[in-house]
file upload_13.cif (mmCIF, C-alpha atoms)
data_query
#
loop_
_atom_site.label_atom_id
_atom_site.label_comp_id
_atom_site.auth_asym_id
_atom_site.auth_seq_id
_atom_site.Cartn_x
_atom_site.Cartn_y
_atom_site.Cartn_z
CA MET A 1 78.35 108.67 116.68
CA GLN A 2 78.41 105.14 115.39
CA ILE A 3 82.11 104.89 116.05
CA SER A 4 81.66 105.95 119.66
CA ARG A 5 79.01 103.26 120.07
CA ILE A 6 81.39 100.70 118.68
CA SER A 7 84.06 101.70 121.12
CA HIS A 8 81.77 100.51 123.93
CA VAL A 9 81.61 96.97 122.72
CA PHE A 10 84.71 96.64 120.60
CA SER A 11 87.59 95.14 122.46
CA ILE A 12 91.05 94.02 121.73
CA TYR A 13 92.17 91.40 124.13
CA MET A 14 95.57 89.99 124.72
CA THR A 15 94.44 87.74 127.49
CA THR A 16 94.64 84.01 127.82
CA LEU A 17 91.23 82.43 127.96
CA ASN A 18 90.46 79.28 129.81
CA SER A 19 87.38 77.73 131.24
CA SER A 20 87.64 79.63 134.52
CA ASN A 21 88.57 82.95 133.00
CA ASN A 22 86.04 83.38 130.27
CA ASN A 23 85.43 87.06 130.69
CA ILE A 24 83.63 87.51 127.40
CA ASP A 25 80.00 86.42 126.95
CA ASN A 26 79.36 83.66 124.45
CA TYR A 27 83.04 83.09 123.77
CA ASP A 28 83.09 79.46 124.78
CA ILE A 29 84.02 78.63 121.22
CA VAL A 30 87.44 80.24 121.59
CA PRO A 31 89.97 77.42 121.77
CA LYS A 32 91.13 76.87 125.33
CA GLY A 33 94.39 78.66 126.05
CA ASP A 34 94.22 80.85 122.97
CA LEU A 35 95.00 84.55 123.02
CA VAL A 36 92.05 86.57 121.76
CA ILE A 37 93.46 89.20 119.47
CA ILE A 38 90.29 90.97 118.51
CA SER A 39 86.66 90.57 119.43
CA TYR A 40 83.41 92.38 118.84
CA LYS A 41 79.95 91.78 120.20
CA GLY A 42 76.97 93.73 118.97
CA ILE A 43 75.01 94.53 115.85
CA PHE A 44 77.09 94.27 112.69
CA LYS A 45 76.76 97.12 110.22
CA SER A 46 78.86 98.46 107.39
CA VAL A 47 80.70 100.85 109.68
CA THR A 48 81.44 98.02 112.10
CA SER A 49 82.96 96.05 109.28
CA GLU A 50 85.19 98.95 108.22
CA TYR A 51 86.39 99.44 111.76
CA LEU A 52 87.08 95.76 112.39
CA LEU A 53 88.83 95.12 109.08
CA ASN A 54 91.00 98.16 109.58
CA TRP A 55 92.01 96.86 113.01
CA ILE A 56 92.65 93.38 111.70
CA GLU A 57 95.09 94.67 109.11
CA ARG A 58 96.88 96.85 111.61
CA PHE A 59 97.05 94.21 114.29
CA TYR A 60 98.06 91.36 112.06
CA SER A 61 101.31 93.10 111.27
CA SER A 62 102.02 93.47 114.99
CA GLN A 63 101.34 89.81 115.78
CA THR A 64 103.67 86.88 115.50
CA PHE A 65 102.09 84.28 113.28
CA HIS A 66 103.66 81.33 111.56
CA PRO A 67 104.57 82.40 107.99
CA GLU A 68 102.13 79.83 106.62
CA ILE A 69 99.24 81.76 108.19
CA LYS A 70 98.90 84.50 105.61
CA MET A 71 97.40 87.89 106.25
CA LYS A 72 95.39 87.66 103.03
CA CYS A 73 93.80 84.45 104.20
CA VAL A 74 92.91 85.86 107.62
CA PHE A 75 91.52 88.99 105.96
CA ARG A 76 89.43 87.09 103.40
CA ILE A 77 87.90 84.87 106.07
CA SER A 78 87.20 87.90 108.26
CA VAL A 79 85.44 89.66 105.39
CA GLU A 80 83.14 86.72 104.72
CA LEU A 81 82.38 86.06 108.39
CA ILE A 82 81.65 89.71 109.18
CA GLN A 83 79.54 90.19 106.05
CA ASN A 84 77.57 87.03 106.86
CA LEU A 85 76.63 88.66 110.15
CA ILE A 86 75.76 91.95 108.44
CA HIS A 87 73.45 90.17 106.00
CA HIS A 88 71.97 87.47 108.19
CA SER A 89 71.95 88.66 111.80
CA SER A 90 70.30 91.68 113.35
CA SER A 91 70.96 90.55 116.90
CA ASP A 92 73.07 92.65 119.23
CA ASP A 93 74.34 89.34 120.61
CA SER A 94 76.29 88.63 117.42
CA VAL A 95 79.97 87.93 118.02
CA PHE A 96 83.12 87.92 115.93
CA PHE A 97 86.59 87.08 117.22
CA ILE A 98 90.08 86.11 116.15
CA SER A 99 92.37 84.20 118.46
CA LYS A 100 95.75 82.59 118.12
CA SER A 101 97.66 79.84 119.84
CA HIS A 102 100.54 80.86 122.09
CA ASP A 103 103.20 79.85 119.60
CA GLY A 104 101.39 81.52 116.69
CA SER A 105 101.14 78.27 114.76
CA ALA A 106 97.33 78.32 114.72
CA CYS A 107 94.74 81.00 114.31
CA THR A 108 91.00 80.68 114.93
CA LEU A 109 88.32 82.97 113.56
CA GLY A 110 84.78 82.60 114.80
CA THR A 111 81.31 84.02 114.93
CA SER A 112 78.18 83.31 116.89
CA ASN A 113 74.69 84.60 116.37
CA PRO A 114 71.15 83.49 117.21
CA VAL A 115 69.21 81.75 114.44
CA THR A 116 65.75 80.28 114.13
CA THR A 117 65.38 76.51 114.13
CA ASP A 118 64.54 76.65 110.40
CA GLN A 119 67.74 78.60 109.72
CA ALA A 120 69.66 76.12 111.86
CA SER A 121 68.31 73.25 109.81
CA THR A 122 69.29 74.93 106.53
CA LEU A 123 72.77 75.82 107.80
CA SER A 124 73.31 72.35 109.19
CA SER A 125 72.37 70.71 105.88
CA LEU A 126 74.62 73.01 103.86
CA LEU A 127 77.60 72.67 106.19
CA THR A 128 77.22 68.90 106.35
CA VAL A 129 77.41 68.73 102.56
CA LEU A 130 80.43 71.06 102.45
CA LYS A 131 82.29 69.20 105.18
CA ASN A 132 81.68 65.89 103.44
CA THR A 133 82.86 67.19 100.07
CA PRO A 134 86.46 66.16 99.39
CA GLU A 135 88.83 69.11 99.19
CA SER A 136 89.65 68.17 95.62
CA GLU A 137 85.99 68.65 94.65
CA LEU A 138 85.37 71.94 96.44
CA ARG A 139 86.92 73.96 93.64
CA GLY A 140 84.67 72.36 91.05
CA LEU A 141 81.67 72.98 93.29
CA LYS A 142 82.67 76.62 93.65
CA LYS A 143 82.92 76.97 89.88
CA THR A 144 79.45 75.51 89.47
CA VAL A 145 77.98 77.91 92.02
CA LEU A 146 79.92 80.83 90.52
CA GLU A 147 78.54 80.06 87.09
CA GLY A 148 74.98 79.57 88.36
CA GLU A 149 72.34 82.23 88.00
CA SER A 150 71.23 82.47 91.63
CA ARG A 151 71.84 85.81 93.29
CA SER A 152 70.82 87.19 96.64
CA SER A 153 69.64 90.78 96.98
CA HIS A 154 73.19 91.88 97.80
CA GLY A 155 74.83 89.96 94.98
CA GLY A 156 75.99 86.81 96.72
CA GLY A 157 74.67 83.41 95.91
CA GLY A 158 75.46 81.00 98.69
CA MET A 159 79.18 81.06 98.10
CA GLY A 160 80.30 82.39 101.46
CA LEU A 161 80.36 79.12 103.43
CA LEU A 162 81.73 77.27 100.43
CA ASP A 163 84.60 79.72 100.09
CA LEU A 164 85.29 79.56 103.83
CA THR A 165 85.45 75.77 103.62
CA ARG A 166 87.92 75.96 100.74
CA ILE A 167 90.16 78.62 102.24
CA SER A 168 90.41 76.71 105.52
CA CYS A 169 91.05 73.37 103.76
CA GLY A 170 87.92 72.02 105.43
CA ASN A 171 88.85 73.20 108.93
CA ILE A 172 85.44 74.74 109.46
CA HIS A 173 83.38 73.69 112.47
CA TYR A 174 79.94 74.56 113.73
CA GLU A 175 77.56 73.85 116.53
CA PHE A 176 74.17 75.04 117.68
CA LEU A 177 73.88 75.88 121.36
CA PRO A 178 70.78 76.70 123.42
CA TRP A 179 70.17 80.44 123.56
CA PRO A 180 68.71 81.33 126.95
CA LYS A 181 67.30 84.66 125.77
CA ASP A 182 64.86 82.99 123.39
CA LYS A 183 64.04 79.30 123.63
CA ASP A 184 62.78 79.30 120.05
CA LYS A 185 66.27 80.19 118.79
CA LEU A 186 69.67 78.58 118.84
CA LEU A 187 73.11 80.13 118.96
CA PHE A 188 74.94 79.30 115.73
CA CYS A 189 78.67 79.07 116.46
CA LEU A 190 81.02 78.87 113.51
CA THR A 191 84.78 78.55 113.84
CA ILE A 192 87.53 78.30 111.27
CA HIS A 193 90.96 77.06 112.22
CA LEU A 194 94.07 77.94 110.29
CA HIS A 195 97.14 75.90 111.04
CA SER A 196 100.70 76.31 109.92
CA ASN A 197 100.37 72.73 108.71
CA PRO A 198 96.74 72.27 107.62
CA ALA A 199 97.27 68.60 106.73
CA MET B 1 78.82 107.12 76.51
CA ASP B 2 80.66 108.86 79.32
CA ASN B 3 83.74 107.38 80.91
CA ILE B 4 83.35 105.84 84.34
CA ILE B 5 86.13 106.84 86.71
CA ILE B 6 85.76 105.81 90.36
CA SER B 7 88.45 106.15 93.00
CA GLY B 8 89.21 103.14 95.13
CA THR B 9 88.10 102.91 98.75
CA PRO B 10 88.96 100.34 101.45
CA LYS B 11 85.94 98.34 100.26
CA THR B 12 85.47 99.15 96.60
CA PRO B 13 87.88 99.00 93.69
CA GLU B 14 89.26 101.73 91.52
CA VAL B 15 87.40 101.72 88.23
CA SER B 16 88.47 103.21 84.93
CA PHE B 17 86.11 102.47 82.05
CA LEU B 18 87.16 104.54 79.03
CA THR B 19 84.91 104.84 76.02
CA SER B 20 87.37 106.06 73.40
CA ALA B 21 90.16 103.69 74.47
CA ARG B 22 87.62 100.86 74.75
CA THR B 23 89.25 99.63 77.92
CA MET B 24 87.88 98.63 81.29
CA LYS B 25 90.06 98.43 84.36
CA ILE B 26 89.08 97.29 87.84
CA SER B 27 91.80 97.29 90.48
CA GLY B 28 92.30 97.21 94.24
CA ARG B 29 89.83 95.65 96.65
CA SER B 30 86.30 94.64 96.02
CA ILE B 31 84.59 93.75 99.28
CA PRO B 32 81.39 95.84 99.36
CA GLU B 33 78.49 94.51 101.41
CA ASN B 34 76.20 95.02 98.44
CA SER B 35 78.10 94.20 95.28
CA ILE B 36 75.07 94.56 93.01
CA ASP B 37 74.78 98.25 93.87
CA PHE B 38 78.39 98.75 92.84
CA TYR B 39 78.60 96.52 89.78
CA ALA B 40 75.18 97.02 88.14
CA PRO B 41 76.13 100.35 86.49
CA LEU B 42 79.45 98.87 85.34
CA ILE B 43 77.73 95.89 83.73
CA GLU B 44 75.28 98.19 81.97
CA TRP B 45 78.13 100.38 80.71
CA ALA B 46 80.08 97.33 79.48
CA ASP B 47 77.02 96.12 77.63
CA GLY B 48 76.76 99.46 75.84
CA LEU B 49 80.42 99.51 74.87
CA CYS B 50 80.53 95.91 73.68
CA ASN B 51 77.52 96.43 71.47
CA SER B 52 79.43 99.06 69.49
CA GLU B 53 82.08 98.07 67.00
CA GLY B 54 85.71 97.63 68.01
CA PHE B 55 88.00 95.59 70.19
CA VAL B 56 87.55 95.76 73.95
CA GLU B 57 90.26 95.18 76.55
CA VAL B 58 89.36 94.26 80.11
CA ASN B 59 92.00 94.51 82.84
CA ILE B 60 91.26 93.07 86.25
CA HIS B 61 93.88 93.58 88.93
CA LEU B 62 92.29 92.85 92.27
CA GLU B 63 94.01 92.35 95.55
CA TYR B 64 90.99 90.83 97.30
CA PHE B 65 87.38 90.28 96.41
CA ASN B 66 84.51 88.87 98.42
CA THR B 67 82.21 86.14 97.21
CA SER B 68 79.43 88.50 96.20
CA SER B 69 81.92 90.46 94.09
CA SER B 70 83.01 87.21 92.46
CA LYS B 71 79.45 86.65 91.30
CA CYS B 72 79.19 90.20 89.98
CA LEU B 73 82.51 89.89 88.16
CA MET B 74 81.15 86.75 86.56
CA ASP B 75 78.05 88.69 85.48
CA LEU B 76 80.26 91.40 83.99
CA LEU B 77 82.42 88.95 82.05
CA LYS B 78 79.42 86.94 80.88
CA ARG B 79 77.77 90.11 79.61
CA ILE B 80 80.89 91.02 77.66
CA GLU B 81 81.12 87.47 76.30
CA ALA B 82 77.49 87.58 75.21
CA SER B 83 77.89 90.96 73.50
CA THR B 84 81.11 90.56 71.53
CA ASP B 85 83.80 88.13 70.55
CA GLU B 86 86.21 91.01 69.97
CA ALA B 87 87.46 91.25 73.53
CA CYS B 88 90.27 90.01 75.70
CA ILE B 89 90.58 89.76 79.45
CA ASN B 90 93.82 90.35 81.32
CA TRP B 91 93.72 88.94 84.84
CA TYR B 92 96.58 90.24 86.99
CA TYR B 93 97.60 88.50 90.20
CA GLU B 94 100.52 88.91 92.53
CA GLU B 95 103.02 86.11 92.14
CA GLU B 96 102.62 83.63 95.01
CA ASP B 97 98.98 84.63 95.43
CA GLU B 98 97.58 81.22 94.56
CA ASP B 99 94.03 82.19 95.47
CA MET B 100 93.92 84.98 92.90
CA LEU B 101 95.59 82.77 90.31
CA GLU B 102 93.02 80.02 90.93
CA ALA B 103 90.20 82.54 90.72
CA GLY B 104 91.52 83.71 87.35
CA GLU B 105 91.78 80.13 86.14
CA ASP B 106 88.17 79.51 87.17
CA TYR B 107 86.91 82.52 85.20
CA ASP B 108 89.08 81.48 82.27
CA ALA B 109 87.48 78.02 82.30
CA ILE B 110 83.98 79.49 82.21
CA ILE B 111 84.32 82.54 79.94
CA ASP B 112 84.88 81.86 76.28
CA LEU B 113 87.09 84.84 75.45
CA PRO B 114 90.88 85.20 75.18
CA PHE B 115 92.04 85.26 78.80
CA LYS B 116 95.56 86.07 79.97
CA LEU B 117 96.78 85.32 83.48
CA ILE B 118 99.53 87.80 84.26
CA ALA B 119 101.74 87.51 87.34
CA THR B 120 102.93 90.76 88.89
CA GLU B 121 105.57 91.42 91.51
CA ILE B 122 104.45 91.49 95.12
CA ARG B 123 103.80 95.08 96.16
#
call {"tool": "encode", "arguments": {"input": "upload_13.cif", "output": "structure tokens"}}
result
Amino acid sequence: MQISRISHVFSIYMTTLNSSNNNIDNYDIVPKGDLVIISYKGIFKSVTSEYLLNWIERFYSSQTFHPEIKMKCVFRISVELIQNLIHHSSSDDSVFFISKSHDGSACTLGTSNPVTTDQASTLSSLLTVLKNTPESELRGLKKTVLEGESRSSHGGGGMGLLDLTRISCGNIHYEFLPWPKDKDKLLFCLTIHLHSNPA
Amino acid sequence: MDNIIISGTPKTPEVSFLTSARTMKISGRSIPENSIDFYAPLIEWADGLCNSEGFVEVNIHLEYFNTSSSKCLMDLLKRIEASTDEACINWYYEEEDEDMLEAGEDYDAIIDLPFKLIATEIR
């Protein structure tokens, strides 16, 4: 039954998005002109994750990406992004997508989900620190966090965003947009760009 | 102590913890949403084995793992380190998989036990 529900909101697009043809809600964060390969909007649960990750693996092999954009990297980022939504968002307005540039030299993975202003403040502080940490120091920071004792109820310990920053060589971007459905919340939009030449 | 044998799934690794052989093997993928649920029994089992006499071999051959699994793996290795100095860890990674090599190097830097990084052919 859960799978049939997913099929309502799970979409695989091979359309070009631009500002006048944004046919997916809350997908303004998709880079202009990109092809959306896979997208999902709804509540994220374990079964959603299985379904999406299965599709990602199958579709990656059918897509033309630059050889420098590795499947393992796309998969690892997808896992962390999707599991962030499972753990931290119960909104049915949560979004996950993967898009690619026309020539396959760049790939963007993104999520958006409503957060409280307190959550926005915490996320903003953490991401500011991570983005200002030189790439050469991110590994040391990861080791420190890995060795630390802090654990969340599901076993993590604040490593997700750090790992995403490392994997993307710092090409992680975020913004908080107004969320019309609830003025006390903001829409947290997170995007990660993979380039064939990350430098 | 009974052996722990768990088949791999798309989200959880294959596990083979053998009492008489004194070996622990974790292989495949480890991306469960709740890693503590999966790893807590393994850590408890490892603690029991390492507190009995004899050498212990740990083989980790993971294709992917999520960040919560990385924390749980650290807990497992730290527990082994705290319980015995008669243990070695073999960390397998596919050649050219720099992320898995780096991850192994990070554990090696933290865990004070003999630690081998072993490259395998790409499957």
call {"tool": "closest_residue", "arguments": {"input": "upload_13.cif", "among": "A:Glu175, A:Asp93, A:Asp103, A:Glu57", "to": "Thr128 in chain A", "atoms": "only C-alpha atoms"}}
result
A:Glu175
call {"tool": "closest_residue", "arguments": {"input": "upload_13.cif", "among": "B:Cys50, B:Ala40, B:Ala82, B:Val56", "to": "chain A", "atoms": "only C-alpha atoms"}}
result
B:Ala40
call {"tool": "closest_atom_pairs", "arguments": {"input": "upload_13.cif", "of": "chain B", "to": "chain A", "cutoff": "10 Å", "atoms": "only C-alpha atoms", "output": "JSON lines"}}
result
{"residue": "B:Pro10", "atom": "CA", "partner": "A:Glu50", "partner_atom": "CA", "distance": 7.9}
{"residue": "B:Lys11", "atom": "CA", "partner": "A:Glu50", "partner_atom": "CA", "distance": 8.0}
{"residue": "B:Ile31", "atom": "CA", "partner": "A:Val79", "partner_atom": "CA", "distance": 7.4}
{"residue": "B:Pro32", "atom": "CA", "partner": "A:Ser46", "partner_atom": "CA", "distance": 8.8}
{"residue": "B:Glu33", "atom": "CA", "partner": "A:Gln83", "partner_atom": "CA", "distance": 6.4}
{"residue": "B:Asn34", "atom": "CA", "partner": "A:His154", "partner_atom": "CA", "distance": 4.4}
{"residue": "B:Ser35", "atom": "CA", "partner": "A:Gly155", "partner_atom": "CA", "distance": 5.4}
{"residue": "B:Ile36", "atom": "CA", "partner": "A:Gly155", "partner_atom": "CA", "distance": 5.0}
{"residue": "B:Asp37", "atom": "CA", "partner": "A:His154", "partner_atom": "CA", "distance": 7.7}
{"residue": "B:Phe38", "atom": "CA", "partner": "A:Gly155", "partner_atom": "CA", "distance": 9.7}
{"residue": "B:Tyr39", "atom": "CA", "partner": "A:Gly155", "partner_atom": "CA", "distance": 9.2}
{"residue": "B:Ala40", "atom": "CA", "partner": "A:Gly155", "partner_atom": "CA", "distance": 9.8}
{"residue": "B:Glu63", "atom": "CA", "partner": "A:Lys72", "partner_atom": "CA", "distance": 8.9}
{"residue": "B:Tyr64", "atom": "CA", "partner": "A:Arg76", "partner_atom": "CA", "distance": 7.3}
{"residue": "B:Phe65", "atom": "CA", "partner": "A:Arg76", "partner_atom": "CA", "distance": 8.0}
{"residue": "B:Asn66", "atom": "CA", "partner": "A:Glu80", "partner_atom": "CA", "distance": 6.8}
{"residue": "B:Thr67", "atom": "CA", "partner": "A:Gly160", "partner_atom": "CA", "distance": 6.0}
{"residue": "B:Ser68", "atom": "CA", "partner": "A:Gly156", "partner_atom": "CA", "distance": 3.9}
{"residue": "B:Ser69", "atom": "CA", "partner": "A:Gly155", "partner_atom": "CA", "distance": 7.2}
{"residue": "B:Ser70", "atom": "CA", "partner": "A:Leu146", "partner_atom": "CA", "distance": 7.3}
{"residue": "B:Lys71", "atom": "CA", "partner": "A:Leu146", "partner_atom": "CA", "distance": 5.9}
{"residue": "B:Cys72", "atom": "CA", "partner": "A:Gly155", "partner_atom": "CA", "distance": 6.6}
{"residue": "B:Leu73", "atom": "CA", "partner": "A:Leu146", "partner_atom": "CA", "distance": 9.7}
{"residue": "B:Met74", "atom": "CA", "partner": "A:Glu147", "partner_atom": "CA", "distance": 7.2}
{"residue": "B:Asp75", "atom": "CA", "partner": "A:Glu147", "partner_atom": "CA", "distance": 8.8}
{"residue": "B:Lys78", "atom": "CA", "partner": "A:Glu147", "partner_atom": "CA", "distance": 9.3}
{"residue": "B:Asp97", "atom": "CA", "partner": "A:Lys72", "partner_atom": "CA", "distance": 8.9}
{"residue": "B:Asp99", "atom": "CA", "partner": "A:Ile167", "partner_atom": "CA", "distance": 8.6}
{"residue": "B:Glu102", "atom": "CA", "partner": "A:Arg139", "partner_atom": "CA", "distance": 9.0}
{"residue": "B:Ala103", "atom": "CA", "partner": "A:Lys143", "partner_atom": "CA", "distance": 9.2}
{"residue": "B:Asp106", "atom": "CA", "partner": "A:Lys143", "partner_atom": "CA", "distance": 6.4}
{"residue": "B:Tyr107", "atom": "CA", "partner": "A:Lys143", "partner_atom": "CA", "distance": 8.3}
{"residue": "B:Ala109", "atom": "CA", "partner": "A:Lys143", "partner_atom": "CA", "distance": 8.9}
{"residue": "B:Ile110", "atom": "CA", "partner": "A:Glu147", "partner_atom": "CA", "distance": 7.3}
{"residue": "B:Ile111", "atom": "CA", "partner": "A:Glu147", "partner_atom": "CA", "distance": 9.5}
call {"tool": "atom_distance", "arguments": {"input": "upload_13.cif", "atom1": "CA of Glu81 in chain B", "atom2": "CA of Glu44 in chain B"}}
result
13.5 Å
call {"tool": "closest_residue", "arguments": {"input": "upload_13.cif", "among": "B:Ser83, B:Thr120, B:Thr19, B:Asn59", "to": "Ile5 in chain B", "atoms": "all atoms listed in the file"}}
result
B:Thr19
call {"tool": "resolve_selection", "arguments": {"input": "upload_13.cif", "expression": "the PyMOL selection byres ((chain B and resi 95) around 12)", "output": "JSON, numbers by chain"}}
result
{"B": [63, 92, 93, 94, 96, 97, 98, 99, 100, 101, 102, 117, 118, 119, 120, 121, 122, 123]}
call {"tool": "atom_distance", "arguments": {"input": "upload_13.cif", "atom1": "CA of Lys131 in chain A", "atom2": "CA of Gly104 in chain B"}}
result
24.8 Å
call {"tool": "atom_distance", "arguments": {"input": "upload_13.cif", "atom1": "CA of His195 in chain A", "atom2": "CA of Ser112 in chain A"}}
result
21.2 Å
call {"tool": "residues_around", "arguments": {"input": "upload_13.cif", "residues": "Leu194 in chain A", "least_positions_apart": "3", "cutoff": "7 Å", "atoms": "all atoms listed in the file", "output": "list in words"}}
result
Ile69, Ala106, Cys107, Thr108, Ser168 and Pro198 of chain A
call {"tool": "closest_residue", "arguments": {"input": "upload_13.cif", "among": "B:Leu42, B:Met1, B:Met24, B:Val15", "to": "Cys88 in chain B", "atoms": "all atoms listed in the file"}}
result
B:Met24
call {"tool": "residues_near_point", "arguments": {"input": "upload_13.cif", "point": "(90.0, 91.7, 72.9)", "cutoff": "8 Å", "atoms": "only C-alpha atoms", "output": "ChimeraX atom specification"}}
result
/B:55-58,85-89,113-114
call {"tool": "residues_around", "arguments": {"input": "upload_13.cif", "residues": "Trp179 in chain A", "least_positions_apart": "5", "cutoff": "10 Å", "atoms": "all atoms listed in the file", "output": "PyMOL selection string"}}
result
chain A and resi 26+113-115+184-188
call {"tool": "write_last_selection", "arguments": {"input": "upload_13.cif", "atoms": "C-alpha atoms", "output": "short mmCIF file (atom, residue, chain, number, x, y, z; two decimals), in the coordinates of the input"}}
result
data_model
loop_
_atom_site.label_atom_id
_atom_site.label_comp_id
_atom_site.auth_asym_id
_atom_site.auth_seq_id
_atom_site.Cartn_x
_atom_site.Cartn_y
_atom_site.Cartn_z
CA ASN A 26 79.36 83.66 124.45
CA ASN A 113 74.69 84.60 116.37
CA PRO A 114 71.15 83.49 117.21
CA VAL A 115 69.21 81.75 114.44
CA ASP A 184 62.78 79.30 120.05
CA LYS A 185 66.27 80.19 118.79
CA LEU A 186 69.67 78.58 118.84
CA LEU A 187 73.11 80.13 118.96
CA PHE A 188 74.94 79.30 115.73
#
call {"tool": "closest_residue", "arguments": {"input": "upload_13.cif", "among": "B:Pro41, B:Gly48, B:Gly28, B:Gly8", "to": "Leu62 in chain B", "atoms": "only C-alpha atoms"}}
result
B:Gly28
call {"tool": "axis_aligned_box", "arguments": {"input": "upload_13.cif", "around": "range 128-131 of chain A", "padding_each_side": "6 Å", "output": "AutoDock Vina command-line options"}}
result
--center_x 79.8 --center_y 69.9 --center_z 104.4 --size_x 17.1 --size_y 14.3 --size_z 15.9
call {"tool": "resolve_selection", "arguments": {"input": "upload_13.cif", "expression": "the PyMOL selection byres ((chain B and resi 20) around 10)", "output": "NGL selection string"}}
result
:B and (1-3 or 17-19 or 21-23 or 49)
call {"tool": "resolve_selection", "arguments": {"input": "upload_13.cif", "expression": "the PyMOL selection byres ((chain A and resi 99) around 8)", "output": "JSON, numbers by chain"}}
result
{"A": [30, 31, 34, 35, 36, 37, 38, 97, 98, 100, 101, 107, 108, 109]}
call {"tool": "closest_residue", "arguments": {"input": "upload_13.cif", "among": "A:Glu68, A:Ala120, A:Ser39, A:Lys183", "to": "Trp55 in chain A", "atoms": "all atoms listed in the file"}}
result
A:Ser39
